[in-house]
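Please read the structure below before turning to the comments.
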Amino acid sequence: MDVKWAIKELELKPDFRDFDNCDIIFAFLQSLPSLQSFSYSQICRRPITPARLPQLLSSLQHLPLIKFSLKTGTFERLQGPVIEGLRGLQALSITWTLGDHPDQPGSSHEQLMKLIRPSLASLVDLCIKNEPSKLDSHFDLWSIKDAGTTLTSFEYALQSLDDSILDTIPTIFPNLTKLSISWNNLATGYSLPWQDAHAKILSRNTNLIELKLSSDFEKNSNDPVTADTDYAWYVRSYKRRLEASQIVAQVCTKLQRCSWLQWRIGRVKNSSMLHPFVIEEQTLHGNVVRRARGVKQYWMGRDQEDEWREGIIVKCRLEDLPGDIIGEND
């Protein structure tokens with residue numbers, strides 16, 4: 001049997017330093033008969049330029065793909081006509097960095113929408129990372145609302161601080177069990193400030209089991225990062241997100257996991273830290289109580305010497321931190 005029949009899953013990250021002939025890629029993909037999962041990550045400007053994106057999709061049309069991941073990888077402009085995406089996908093992930101065609105304002109998001117639209121009736125898992133070079137560039141989620149019948153997992157990254165999507169998402173995607181939203185303001189390195197009102201809006205996601213947000217808690221607390229590896233600031237950041245997780249746990253009654261992606265944890269804008277929490281139910285005096293428990297992070301587990309204030313020890317042992325933290329042995 002030809003070994004190509006056995007290839008069900010494939011990931012390509014071509015580097016132009018190795019070769020720059022994308023026709024080799026297209027021919028190889030067209031020769032595969034049974035591929036079900038394909039991931040393509042553009043690392044640099046070559047080998048596949050925006051003008052040749054239609055050929056990439058054409059080379060996949062014959063395949064029984066159910067999972068497709070595309071990372072455009074460069075901040076170039078669209079070239080050529082807008083094209084349709086693949087049909088019948090169950091999982092689709094797109095990291096979109098391409099800007100509008102010089103002569104076609106709005107063509108970037110039109111193309112992004114058309115890459116998604118052919119599979120709207122079959123998608124279960126959708127990830128859109130909308131990262132064009134133009135800041136505050138909005139993708140209209142209503143244009144893909146027809147995915148709402150089947151979609152259960154949605155990950156969305158946008159380069160703005162628009163919180164209206166918290167209202168939009170449960171309206172158009174009512175069956176979500178997993179939701180992730182990242183607000184990326186590349187100009188400042190900060191994210192959307194958390195408001196207690198956001199918890200009430202999140203409660204409209206009535207089936208939610210797993211939630212991940214990049215909400216910023218430090219701006220409203222007037223506690224911005226001032227140094228790298230500031231353990232005392234890490235503890236304060238953790239406590240703020242523990243409190244928010246507890247609030248969300250009360251209104252999202254099926255939630256089991258809640259994580260917070262914290263942008264800019266040092267002087268580098270794109271630095272980040274993940275604060276994960278587990279939501280547990282306990283019976284107390286005959287009543288079911290939901291509580292958030294922290295999950296051990298790399299800086300937890302032992303007292304840390306403050307690198308910026310001589311002689312200061314920051315208490316980071318699990319027993320000294322709130323949230324009944326889950327360690328490696330739990």
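Please note that chains go A, B, ... in the order of the structure tokens, that every chain numbers its residues from 1, and that ligands are numbered from 1 in the order shown.
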
Margin query: Quick one: residues within 8 Å of Leu60 of chain A, only C-alpha atoms, excluding same-chain residues fewer than 3 positions away - as a list in words?
Written below: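 What passes the distance filter is Leu29, Gln30, Leu56, Leu57, Leu63, Leu65 and Leu86 of chain A.
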
Which residues of segment 204-243 of chain A come within 12 Å of segment 162-175 of chain A, and what is each one's closest atom pair and distance in Å (one decimal), counting only C-alpha atoms, sorted by chain and residue number, as CSV?
residue,atom,partner,partner_atom,distance
A:Arg204,CA,A:Pro170,CA,6.1
A:Asn205,CA,A:Pro170,CA,5.4
A:Thr206,CA,A:Pro174,CA,7.8
A:Asn207,CA,A:Asn175,CA,6.3
A:Leu208,CA,A:Asn175,CA,8.1
A:Ile209,CA,A:Asn175,CA,10.9
A:Leu213,CA,A:Leu166,CA,10.6
A:Ser214,CA,A:Asp163,CA,11.6
A:Ser215,CA,A:Asp163,CA,10.0

Notebook entry, point to check: Which residues in segment 69-140 of chain A does DSSP call strand (DSSP E or B)? List them as number ranges by chain.
Noted result: A: 69-71, 77, 91-96, 99, 101, 104, 125-130

Checklist line | Between atom CA of Asp140 of chain A and atom CA of Met273 of chain A - distance in Å to one decimal | finding: 28.8 Å

Residues within 12 Å of Gly323 of chain A, please, as a compact mmCIF listing (two decimals) with all heavy atoms, in the first residue's frame. Count only C-alpha atoms; anything in the same chain fewer than 6 positions from it doesn't count.
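Below you can see selection_32.txt, which holds the result:
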# COMPACT_ATOMS: atom_id res chain seq x y z
N VAL A 235 1.60 37.95 43.44
CA VAL A 235 0.64 37.53 44.45
C VAL A 235 -0.61 38.40 44.39
O VAL A 235 -1.74 37.89 44.44
CB VAL A 235 1.27 37.58 45.85
CG1 VAL A 235 0.21 37.34 46.92
CG2 VAL A 235 2.39 36.56 45.99
N TYR A 238 -2.63 37.49 41.34
CA TYR A 238 -3.31 36.21 41.56
C TYR A 238 -4.56 36.41 42.41
O TYR A 238 -5.64 35.87 42.11
CB TYR A 238 -2.35 35.23 42.22
CG TYR A 238 -3.03 34.04 42.85
CD1 TYR A 238 -3.50 32.97 42.08
CD2 TYR A 238 -3.23 33.98 44.24
CE1 TYR A 238 -4.14 31.89 42.67
CE2 TYR A 238 -3.86 32.90 44.83
CZ TYR A 238 -4.31 31.86 44.04
OH TYR A 238 -4.96 30.80 44.61
N LYS A 239 -4.46 37.16 43.49
CA LYS A 239 -5.58 37.35 44.41
C LYS A 239 -6.75 38.05 43.71
O LYS A 239 -7.92 37.71 43.95
CB LYS A 239 -5.14 38.18 45.62
CG LYS A 239 -4.24 37.43 46.58
CD LYS A 239 -3.85 38.32 47.75
CE LYS A 239 -2.99 37.58 48.77
NZ LYS A 239 -2.60 38.46 49.89
N ARG A 240 -6.44 39.01 42.84
CA ARG A 240 -7.52 39.70 42.12
C ARG A 240 -8.28 38.74 41.22
O ARG A 240 -9.51 38.78 41.11
CB ARG A 240 -6.94 40.86 41.31
CG ARG A 240 -6.55 42.08 42.15
CD ARG A 240 -6.14 43.26 41.28
NE ARG A 240 -4.76 43.17 40.85
CZ ARG A 240 -3.74 43.79 41.46
NH1 ARG A 240 -3.95 44.51 42.56
NH2 ARG A 240 -2.51 43.70 41.00
N ARG A 241 -7.55 37.84 40.58
CA ARG A 241 -8.20 36.89 39.66
C ARG A 241 -8.89 35.75 40.42
O ARG A 241 -9.86 35.20 39.91
CB ARG A 241 -7.15 36.37 38.67
CG ARG A 241 -6.80 37.45 37.65
CD ARG A 241 -5.47 37.22 36.95
NE ARG A 241 -5.21 38.28 35.97
CZ ARG A 241 -4.75 39.50 36.27
NH1 ARG A 241 -4.47 39.81 37.55
NH2 ARG A 241 -4.57 40.40 35.34
N LEU A 242 -8.41 35.43 41.59
CA LEU A 242 -9.12 34.47 42.44
C LEU A 242 -10.49 35.02 42.81
O LEU A 242 -11.51 34.30 42.74
CB LEU A 242 -8.30 34.17 43.70
CG LEU A 242 -9.00 33.36 44.78
CD1 LEU A 242 -9.38 31.97 44.28
CD2 LEU A 242 -8.11 33.26 46.03
N GLU A 243 -10.54 36.27 43.20
CA GLU A 243 -11.82 36.89 43.57
C GLU A 243 -12.77 36.92 42.38
O GLU A 243 -13.97 36.61 42.52
CB GLU A 243 -11.57 38.31 44.08
CG GLU A 243 -12.83 39.04 44.50
CD GLU A 243 -12.55 40.45 44.99
OE1 GLU A 243 -11.37 40.83 45.09
OE2 GLU A 243 -13.53 41.18 45.27
N ALA A 244 -12.26 37.29 41.20
CA ALA A 244 -13.12 37.32 40.00
C ALA A 244 -13.60 35.93 39.63
O ALA A 244 -14.75 35.75 39.21
CB ALA A 244 -12.35 37.95 38.84
N SER A 245 -12.75 34.91 39.78
CA SER A 245 -13.14 33.54 39.46
C SER A 245 -14.28 33.10 40.38
O SER A 245 -15.20 32.39 39.95
CB SER A 245 -11.96 32.60 39.63
OG SER A 245 -10.92 32.91 38.73
N GLN A 246 -14.22 33.51 41.64
CA GLN A 246 -15.28 33.16 42.58
C GLN A 246 -16.61 33.80 42.17
O GLN A 246 -17.67 33.16 42.25
CB GLN A 246 -14.89 33.62 43.99
CG GLN A 246 -15.77 33.08 45.08
CD GLN A 246 -15.70 31.58 45.20
OE1 GLN A 246 -14.63 30.98 45.20
NE2 GLN A 246 -16.86 30.94 45.28
N HIS A 275 -3.18 32.44 34.79
CA HIS A 275 -3.66 32.13 36.13
C HIS A 275 -4.83 31.15 36.01
O HIS A 275 -5.96 31.55 35.70
CB HIS A 275 -4.15 33.40 36.85
CG HIS A 275 -3.09 34.43 37.05
ND1 HIS A 275 -2.31 34.50 38.18
CD2 HIS A 275 -2.70 35.47 36.25
CE1 HIS A 275 -1.47 35.53 38.08
NE2 HIS A 275 -1.69 36.12 36.92
N PRO A 276 -4.61 29.86 36.21
CA PRO A 276 -5.70 28.87 36.08
C PRO A 276 -6.39 28.60 37.43
O PRO A 276 -5.75 28.58 38.48
CB PRO A 276 -4.97 27.62 35.58
CG PRO A 276 -3.59 27.75 36.15
CD PRO A 276 -3.29 29.21 36.33
N PHE A 277 -7.70 28.38 37.34
CA PHE A 277 -8.49 28.04 38.53
C PHE A 277 -9.44 26.89 38.19
O PHE A 277 -9.90 26.77 37.06
CB PHE A 277 -9.30 29.25 39.02
CG PHE A 277 -8.46 30.40 39.47
CD1 PHE A 277 -8.02 31.36 38.57
CD2 PHE A 277 -8.07 30.51 40.80
CE1 PHE A 277 -7.22 32.42 38.97
CE2 PHE A 277 -7.28 31.56 41.22
CZ PHE A 277 -6.85 32.52 40.30
N VAL A 278 -9.72 26.08 39.18
CA VAL A 278 -10.68 24.98 39.06
C VAL A 278 -11.89 25.31 39.93
O VAL A 278 -11.73 25.78 41.08
CB VAL A 278 -10.05 23.64 39.51
CG1 VAL A 278 -11.10 22.55 39.57
CG2 VAL A 278 -8.93 23.25 38.55
N ILE A 279 -13.08 25.10 39.40
CA ILE A 279 -14.30 25.36 40.14
C ILE A 279 -14.83 24.05 40.70
O ILE A 279 -15.06 23.09 39.95
CB ILE A 279 -15.38 26.02 39.26
CG1 ILE A 279 -14.79 27.22 38.49
CG2 ILE A 279 -16.57 26.45 40.11
CD1 ILE A 279 -14.19 28.30 39.35
N GLU A 280 -15.00 23.99 42.02
CA GLU A 280 -15.48 22.78 42.67
C GLU A 280 -16.78 23.05 43.41
O GLU A 280 -17.05 24.19 43.83
CB GLU A 280 -14.43 22.26 43.66
CG GLU A 280 -13.15 21.78 43.00
CD GLU A 280 -12.17 21.20 44.00
OE1 GLU A 280 -12.41 21.40 45.23
OE2 GLU A 280 -11.21 20.55 43.59
N ARG A 291 -16.90 26.95 44.71
CA ARG A 291 -15.73 27.75 45.07
C ARG A 291 -14.63 27.57 44.03
O ARG A 291 -14.52 26.52 43.38
CB ARG A 291 -15.21 27.37 46.45
CG ARG A 291 -14.67 25.95 46.54
CD ARG A 291 -13.84 25.76 47.79
NE ARG A 291 -13.21 24.44 47.84
CZ ARG A 291 -12.17 24.16 48.61
NH1 ARG A 291 -11.65 25.08 49.39
NH2 ARG A 291 -11.64 22.94 48.60
N ALA A 292 -13.81 28.60 43.90
CA ALA A 292 -12.68 28.58 42.98
C ALA A 292 -11.41 28.20 43.74
O ALA A 292 -11.14 28.74 44.81
CB ALA A 292 -12.51 29.94 42.32
N ARG A 293 -10.65 27.27 43.17
CA ARG A 293 -9.36 26.88 43.74
C ARG A 293 -8.26 27.21 42.74
O ARG A 293 -8.38 26.94 41.54
CB ARG A 293 -9.33 25.38 44.05
CG ARG A 293 -10.29 24.93 45.13
CD ARG A 293 -10.06 23.46 45.45
NE ARG A 293 -8.73 23.22 46.02
CZ ARG A 293 -8.23 22.00 46.24
NH1 ARG A 293 -8.94 20.92 45.91
NH2 ARG A 293 -7.02 21.86 46.75
N GLY A 294 -7.18 27.78 43.24
CA GLY A 294 -6.05 28.08 42.38
C GLY A 294 -5.31 26.82 41.98
O GLY A 294 -5.39 25.78 42.66
N VAL A 295 -4.59 26.89 40.88
CA VAL A 295 -3.71 25.81 40.43
C VAL A 295 -2.29 26.32 40.48
O VAL A 295 -2.00 27.44 40.04
CB VAL A 295 -4.08 25.36 39.00
CG1 VAL A 295 -3.10 24.28 38.52
CG2 VAL A 295 -5.51 24.86 38.93
N LYS A 296 -1.39 25.52 41.03
CA LYS A 296 -0.01 25.96 41.25
C LYS A 296 0.63 26.50 39.97
O LYS A 296 0.57 25.88 38.92
CB LYS A 296 0.83 24.81 41.80
CG LYS A 296 2.25 25.23 42.14
CD LYS A 296 3.09 24.07 42.64
CE LYS A 296 4.54 24.52 42.90
NZ LYS A 296 5.41 23.40 43.30

Notebook entry, point to check: Hey, what's within 7 Å of Ala121 of chain A if we count only C-alpha atoms and toss same-chain stuff fewer than 5 positions away? As a PyMOL selection string, please?
Noted result: chain A and resi 146-147+150

Next item on the list: Output as a PyMOL selection string all residues of segment 98-324 of chain A that backbone DSSP marks as alpha helix (DSSP H).
Entry: chain A and resi 107-116+165-172+197-202+231-251

Selection from above, C-alpha atoms, as a PDB file, in the first residue's frame, can you write it?
ATOM      1  CA  SER A 107     -11.408  42.911   1.758  1.00  0.00           C
ATOM      2  CA  SER A 108      -9.320  41.451   4.627  1.00  0.00           C
ATOM      3  CA  HIS A 109     -12.329  40.639   6.778  1.00  0.00           C
ATOM      4  CA  GLU A 110     -14.387  39.693   3.748  1.00  0.00           C
ATOM      5  CA  GLN A 111     -11.767  37.080   2.930  1.00  0.00           C
ATOM      6  CA  LEU A 112     -11.608  35.890   6.534  1.00  0.00           C
ATOM      7  CA  MET A 113     -15.383  35.463   6.568  1.00  0.00           C
ATOM      8  CA  LYS A 114     -15.361  33.507   3.291  1.00  0.00           C
ATOM      9  CA  LEU A 115     -12.702  31.156   4.638  1.00  0.00           C
ATOM     10  CA  ILE A 116     -15.101  30.259   7.440  1.00  0.00           C
ATOM     11  CA  ILE A 165     -18.463  40.873  22.020  1.00  0.00           C
ATOM     12  CA  LEU A 166     -19.310  39.547  25.496  1.00  0.00           C
ATOM     13  CA  ASP A 167     -22.935  40.373  24.658  1.00  0.00           C
ATOM     14  CA  THR A 168     -22.713  39.162  21.077  1.00  0.00           C
ATOM     15  CA  ILE A 169     -21.196  35.725  21.639  1.00  0.00           C
ATOM     16  CA  PRO A 170     -23.934  34.093  23.780  1.00  0.00           C
ATOM     17  CA  THR A 171     -26.549  35.494  21.383  1.00  0.00           C
ATOM     18  CA  ILE A 172     -25.088  33.964  18.226  1.00  0.00           C
ATOM     19  CA  ALA A 197     -20.790  43.743  35.164  1.00  0.00           C
ATOM     20  CA  HIS A 198     -18.913  41.380  32.845  1.00  0.00           C
ATOM     21  CA  ALA A 199     -19.801  38.464  35.146  1.00  0.00           C
ATOM     22  CA  LYS A 200     -23.519  39.066  34.655  1.00  0.00           C
ATOM     23  CA  ILE A 201     -23.049  39.107  30.880  1.00  0.00           C
ATOM     24  CA  LEU A 202     -21.001  35.892  31.025  1.00  0.00           C
ATOM     25  CA  TYR A 231       6.763  38.284  43.175  1.00  0.00           C
ATOM     26  CA  ALA A 232       4.755  40.550  45.461  1.00  0.00           C
ATOM     27  CA  TRP A 233       2.943  41.897  42.392  1.00  0.00           C
ATOM     28  CA  TYR A 234       2.396  38.327  41.156  1.00  0.00           C
ATOM     29  CA  VAL A 235       0.642  37.527  44.449  1.00  0.00           C
ATOM     30  CA  ARG A 236      -1.592  40.612  44.215  1.00  0.00           C
ATOM     31  CA  SER A 237      -2.415  39.774  40.578  1.00  0.00           C
ATOM     32  CA  TYR A 238      -3.314  36.214  41.557  1.00  0.00           C
ATOM     33  CA  LYS A 239      -5.584  37.355  44.406  1.00  0.00           C
ATOM     34  CA  ARG A 240      -7.517  39.705  42.124  1.00  0.00           C
ATOM     35  CA  ARG A 241      -8.197  36.889  39.664  1.00  0.00           C
ATOM     36  CA  LEU A 242      -9.119  34.466  42.438  1.00  0.00           C
ATOM     37  CA  GLU A 243     -11.816  36.894  43.567  1.00  0.00           C
ATOM     38  CA  ALA A 244     -13.116  37.324  40.002  1.00  0.00           C
ATOM     39  CA  SER A 245     -13.145  33.540  39.464  1.00  0.00           C
ATOM     40  CA  GLN A 246     -15.276  33.160  42.580  1.00  0.00           C
ATOM     41  CA  ILE A 247     -17.762  35.729  41.248  1.00  0.00           C
ATOM     42  CA  VAL A 248     -17.952  34.067  37.825  1.00  0.00           C
ATOM     43  CA  ALA A 249     -18.357  30.633  39.424  1.00  0.00           C
ATOM     44  CA  GLN A 250     -21.580  31.774  41.119  1.00  0.00           C
ATOM     45  CA  VAL A 251     -23.251  32.967  37.911  1.00  0.00           C
TER      46      VAL A 251
END

Notebook entry, point to check: So which residues touch Lys315 of chain A within 7 Å, counting only C-alpha atoms, skipping near sequence neighbours fewer than 3 positions away, as a PyMOL selection string?
Noted result: chain A and resi 303-304+320

Next item on the list: Write out as JSON, numbers by chain which residues come within 7 Å of His101 of chain A when counting only C-alpha atoms, dropping same-chain ones fewer than 5 positions away.
Entry: {"A": [77, 78, 79, 107]}

Would you export the selected residues with N, CA, C and O atoms as a compact mmCIF listing (two decimals), in the first residue's frame, please?
# COMPACT_ATOMS: atom_id res chain seq x y z
N ARG A 77 -0.51 42.60 2.53
CA ARG A 77 -1.86 42.89 2.04
C ARG A 77 -2.37 41.74 1.19
O ARG A 77 -1.58 41.01 0.58
N LEU A 78 -3.69 41.59 1.15
CA LEU A 78 -4.28 40.60 0.27
C LEU A 78 -3.94 40.90 -1.18
O LEU A 78 -3.79 42.07 -1.57
N GLN A 79 -3.85 39.84 -1.95
CA GLN A 79 -3.62 39.97 -3.39
C GLN A 79 -4.58 39.05 -4.12
O GLN A 79 -4.83 37.93 -3.67
N SER A 107 -11.59 44.23 2.37
CA SER A 107 -11.41 42.91 1.76
C SER A 107 -10.76 41.91 2.71
O SER A 107 -10.96 40.70 2.58

Check: Between A:Gln42, A:Asn184, A:Gln104, A:Ser31, which is the closest to Trp263 of chain A once you count only C-alpha atoms?
Finding: A:Asn184

Next item on the list: For segment 151-159 of chain A, work out the shell of residues within 6 Å, counting only C-alpha atoms and skipping chain neighbours fewer than 4 positions away, then give it as a PyMOL selection string.
Entry: chain A and resi 123-130+135-136+147+175-185

Check: If you measure from atom CA of Thr188 of chain A to atom CA of Leu70 of chain A, what distance in Å do you get, rounded to one decimal?
Finding: 26.8 Å

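The two atoms in question, atom CA of Gly85 of chain A and atom CA of Pro118 of chain A, are spaced 6.1 Å apart.
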